[in-house]
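Data block below; observations after.
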Amino acid sequence: MAGSEVVLLDFWASPFGMRARIALAEKGVEYEYREENLADKTEFLLRMNPVHKKIPVLVHKGRPVCESLIIVEYVDEAWKKPPLLPADPYDRATARFWANFVDAKVYDCGSRLWKLKGEALEATKKEFIDILKLLEGALGDKHFFGGDHFGFVDVSFIPFASWFLVYESHGNFKVEEVCPKLGAWVKRCRERESVSKSLPDPHKVLEFVNVVLKKKYGIE
């Protein structure tokens, strides 16, 4: 690994990879970033993640850690300060619940927004907005999901803000209009250097979906 203690195998548009980037940035960890071509994966990636064969993979001292939420927790435990998960066991469980909710709901439903049309699209749009409203309810009037401090749920969810333009342009809605508190939360998160430097330009992500992903899936 060319002497690098920490290496991140990633892809620029992946919201899951963004989680790892944000977590490492929050901790001030220096690392080597390796961009993967997902159409032609490197031998190193396949060796580091032989089960799922996908990014992101965090390689720390030669040992791989796979799956984005597991990576974020590993980073939080390996580099103690500032903590991303709260100290209280119940608060930790609650944070894990909402991070898992994001994992189970946001990516899958969001992906269907740019793949479907007609009545199926309208039904998916309603489903997606309902998901956002549940998350907005969990946020409430708090500055961040965990309260005053940027933490685990924020790291888990904010990467999808770089995909909101994709969802909005295909679903014909605005996140800020349907969930104003969530829209304000996105702006607060983007003020953090760890987030602003880790999230790509939403217009670049939209172009990637329209030019690359739709062609891959045969969508016109």
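For the structure tokens, the naming scheme is as follows: chains receive sequential letters (A, B, ...) according to their order of presentation, residues are indexed from 1 within each chain, and ligands are indexed from 1 in presentation order.
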Quick one: residues within 9 Å of segment 55-62 of chain A, only C-alpha atoms counted, chain neighbours fewer than 3 positions away excluded, as a ChimeraX atom specification? /A:1,4-11,14,16-18,20,36,38,45,48-49,52,65-68,71
Write out as a PyMOL selection string each polymer residue whose atoms come within 8 Å of segment 72-82 of chain A, counting only C-alpha atoms; drop sequence neighbours fewer than 3 positions from it. chain A and resi 19-20+23-24+26-27+65+68-69+85+152
My list of candidates is A:Pro15, A:Gly171, A:Glu220, A:Leu132. Which is closest to Ala120 of chain A when distances are computed with only C-alpha atoms?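 Between A:Pro15, A:Gly171, A:Glu220, A:Leu132, the residue approaching Ala120 of chain A most closely is A:Gly171.
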So that I can see what lies close to Val205 of chain A, please list as a list of chain:residue names the residues with an atom at most 10 Å from it, counting only C-alpha atoms and leaving out residues fewer than 4 positions away in the same chain. A:Trp12, A:Ala13, A:Ser14, A:Ser162, A:Trp163, A:Phe164, A:Leu165, A:Val166, A:Leu199, A:Pro200, A:Asp201, A:Val209, A:Asn210, A:Val211
So, counting only C-alpha atoms, which residue among A:Glu177, A:Glu193, A:Asp154, A:Glu43 is closest to Ala138 of chain A? A:Asp154
Can you tell me which residues surround Ala39 of chain A at a distance of at most 12 Å, considering only C-alpha atoms, apart from same-chain residues fewer than 6 positions away, and format the answer as a ChimeraX atom specification? /A:11,53-54,212-213,216
Selection from above, N, CA, C and O atoms, as a compact mmCIF listing (two decimals), in the first residue's frame, can you write it?
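Written output follows (out-v1.txt):
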```
# COMPACT_ATOMS: atom_id res chain seq x y z
N PHE A 11 -15.57 5.36 -4.64
CA PHE A 11 -16.02 5.89 -5.94
C PHE A 11 -16.67 7.23 -5.67
O PHE A 11 -17.50 7.35 -4.75
N LYS A 53 -17.27 -7.60 -2.91
CA LYS A 53 -16.55 -7.05 -4.07
C LYS A 53 -17.01 -5.63 -4.43
O LYS A 53 -17.19 -5.29 -5.58
N LYS A 54 -17.22 -4.81 -3.39
CA LYS A 54 -17.70 -3.45 -3.66
C LYS A 54 -17.06 -2.46 -2.70
O LYS A 54 -16.44 -2.82 -1.70
N VAL A 212 -24.56 8.13 -17.52
CA VAL A 212 -23.90 6.83 -17.29
C VAL A 212 -24.88 5.77 -16.77
O VAL A 212 -25.01 4.70 -17.37
N LEU A 213 -25.54 6.06 -15.67
CA LEU A 213 -26.36 5.02 -15.03
C LEU A 213 -27.59 4.64 -15.86
O LEU A 213 -27.94 3.47 -15.95
N LYS A 216 -26.50 2.37 -18.49
CA LYS A 216 -26.19 1.05 -17.91
C LYS A 216 -27.43 0.21 -17.69
O LYS A 216 -27.45 -0.99 -17.94
```
Can you tell me, as a list in words, which residues in chain A count as strand (DSSP E or B) by DSSP? Val6, Val7, Leu8, Leu9, Asp10, Glu32, Tyr33, Arg34, Glu35, Val57, Leu58, Val59, His60, Arg63, Pro64, Val65, Cys66, Phe144 and Gly147 of chain A
Take the selection from the previous step and output its residues with N, CA and C atoms, as a compact mmCIF listing (two decimals), in the first residue's frame.
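The file below, part_15.txt, is the result:
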```txt
# COMPACT_ATOMS: atom_id res chain seq x y z
N VAL A 6 -3.54 4.19 6.29
CA VAL A 6 -4.99 4.20 6.07
C VAL A 6 -5.26 4.45 4.59
N VAL A 7 -6.02 3.55 3.99
CA VAL A 7 -6.37 3.66 2.57
C VAL A 7 -7.87 3.51 2.43
N LEU A 8 -8.49 4.36 1.63
CA LEU A 8 -9.92 4.25 1.36
C LEU A 8 -10.14 3.94 -0.11
N LEU A 9 -10.75 2.79 -0.37
CA LEU A 9 -11.14 2.40 -1.74
C LEU A 9 -12.57 2.88 -1.92
N ASP A 10 -12.79 3.69 -2.95
CA ASP A 10 -14.04 4.44 -3.01
C ASP A 10 -14.40 4.77 -4.45
N GLU A 32 -4.94 7.70 2.30
CA GLU A 32 -4.76 7.65 0.85
C GLU A 32 -6.11 7.30 0.21
N TYR A 33 -6.57 8.15 -0.70
CA TYR A 33 -7.83 7.90 -1.39
C TYR A 33 -7.54 7.21 -2.72
N ARG A 34 -8.21 6.09 -2.94
CA ARG A 34 -8.05 5.38 -4.21
C ARG A 34 -9.41 5.26 -4.90
N GLU A 35 -9.54 5.95 -6.01
CA GLU A 35 -10.77 5.91 -6.80
C GLU A 35 -10.82 4.59 -7.57
N VAL A 57 -14.17 0.41 0.98
CA VAL A 57 -13.38 -0.44 1.87
C VAL A 57 -12.33 0.45 2.52
N LEU A 58 -12.28 0.40 3.83
CA LEU A 58 -11.24 1.10 4.58
C LEU A 58 -10.18 0.08 4.94
N VAL A 59 -8.95 0.35 4.53
CA VAL A 59 -7.83 -0.54 4.85
C VAL A 59 -6.95 0.17 5.87
N HIS A 60 -6.91 -0.39 7.07
CA HIS A 60 -6.15 0.22 8.17
C HIS A 60 -5.06 -0.76 8.60
N ARG A 63 -5.39 -4.17 7.10
CA ARG A 63 -6.58 -4.96 7.38
C ARG A 63 -7.84 -4.25 6.89
N PRO A 64 -8.67 -4.94 6.10
CA PRO A 64 -9.84 -4.28 5.51
C PRO A 64 -11.05 -4.24 6.43
N VAL A 65 -11.78 -3.12 6.36
CA VAL A 65 -13.08 -2.98 7.02
C VAL A 65 -14.08 -2.63 5.93
N CYS A 66 -15.14 -3.42 5.81
CA CYS A 66 -16.12 -3.25 4.73
C CYS A 66 -17.49 -2.85 5.28
N PHE A 144 -28.75 19.00 15.03
CA PHE A 144 -28.37 17.78 14.33
C PHE A 144 -29.18 16.63 14.89
N GLY A 147 -28.57 16.06 18.48
CA GLY A 147 -28.67 17.23 19.34
C GLY A 147 -27.83 18.37 18.82
```
Selection near segment 86-89 of chain A, 9 Å with only C-alpha atoms, sequence-local residues under 3 positions removed, as a list of chain:residue names: A:Pro83, A:Arg92, A:Ala93, A:Thr94, A:Ala95, A:Gly146, A:Gly151, A:Phe152
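With atom CA of Leu84 of chain A on one side and atom CA of Arg192 of chain A on the other, the separation reads 14.3 Å.
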Write out as number ranges by chain the set of residues from chain A that DSSP, computed on the backbone, places in helix (DSSP H, G or I). A: 15-27, 43-48, 68-78, 89-115, 118-139, 152-171, 175-178, 180-190, 193-196, 202-216
Between atom CA of Phe160 of chain A and atom CA of Val186 of chain A, distance in Å (one decimal):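 Atom-to-atom, atom CA of Phe160 of chain A and atom CA of Val186 of chain A are spaced 9.8 Å apart.
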Just how far from atom CA of Lys214 of chain A is atom CA of Lys41 of chain A, in Å to one decimal?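 Those two atoms sit 20.3 Å apart.
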Go through A:Ala25, A:Ser156, A:Ala123, A:Gly110 one by one, measure the shortest atom-to-atom distance of each to Ile70 of chain A using only C-alpha atoms, and give the residue with the smallest value.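 Among A:Ala25, A:Ser156, A:Ala123, A:Gly110, it is A:Ser156 that comes nearest to Ile70 of chain A.
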Using only C-alpha atoms, can you tell me which of A:Leu121, A:Ile22, A:Leu46, A:Val175 comes closest to Ala161 of chain A?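 Checking each candidate against Ala161 of chain A, we get A:Val175 as the closest.
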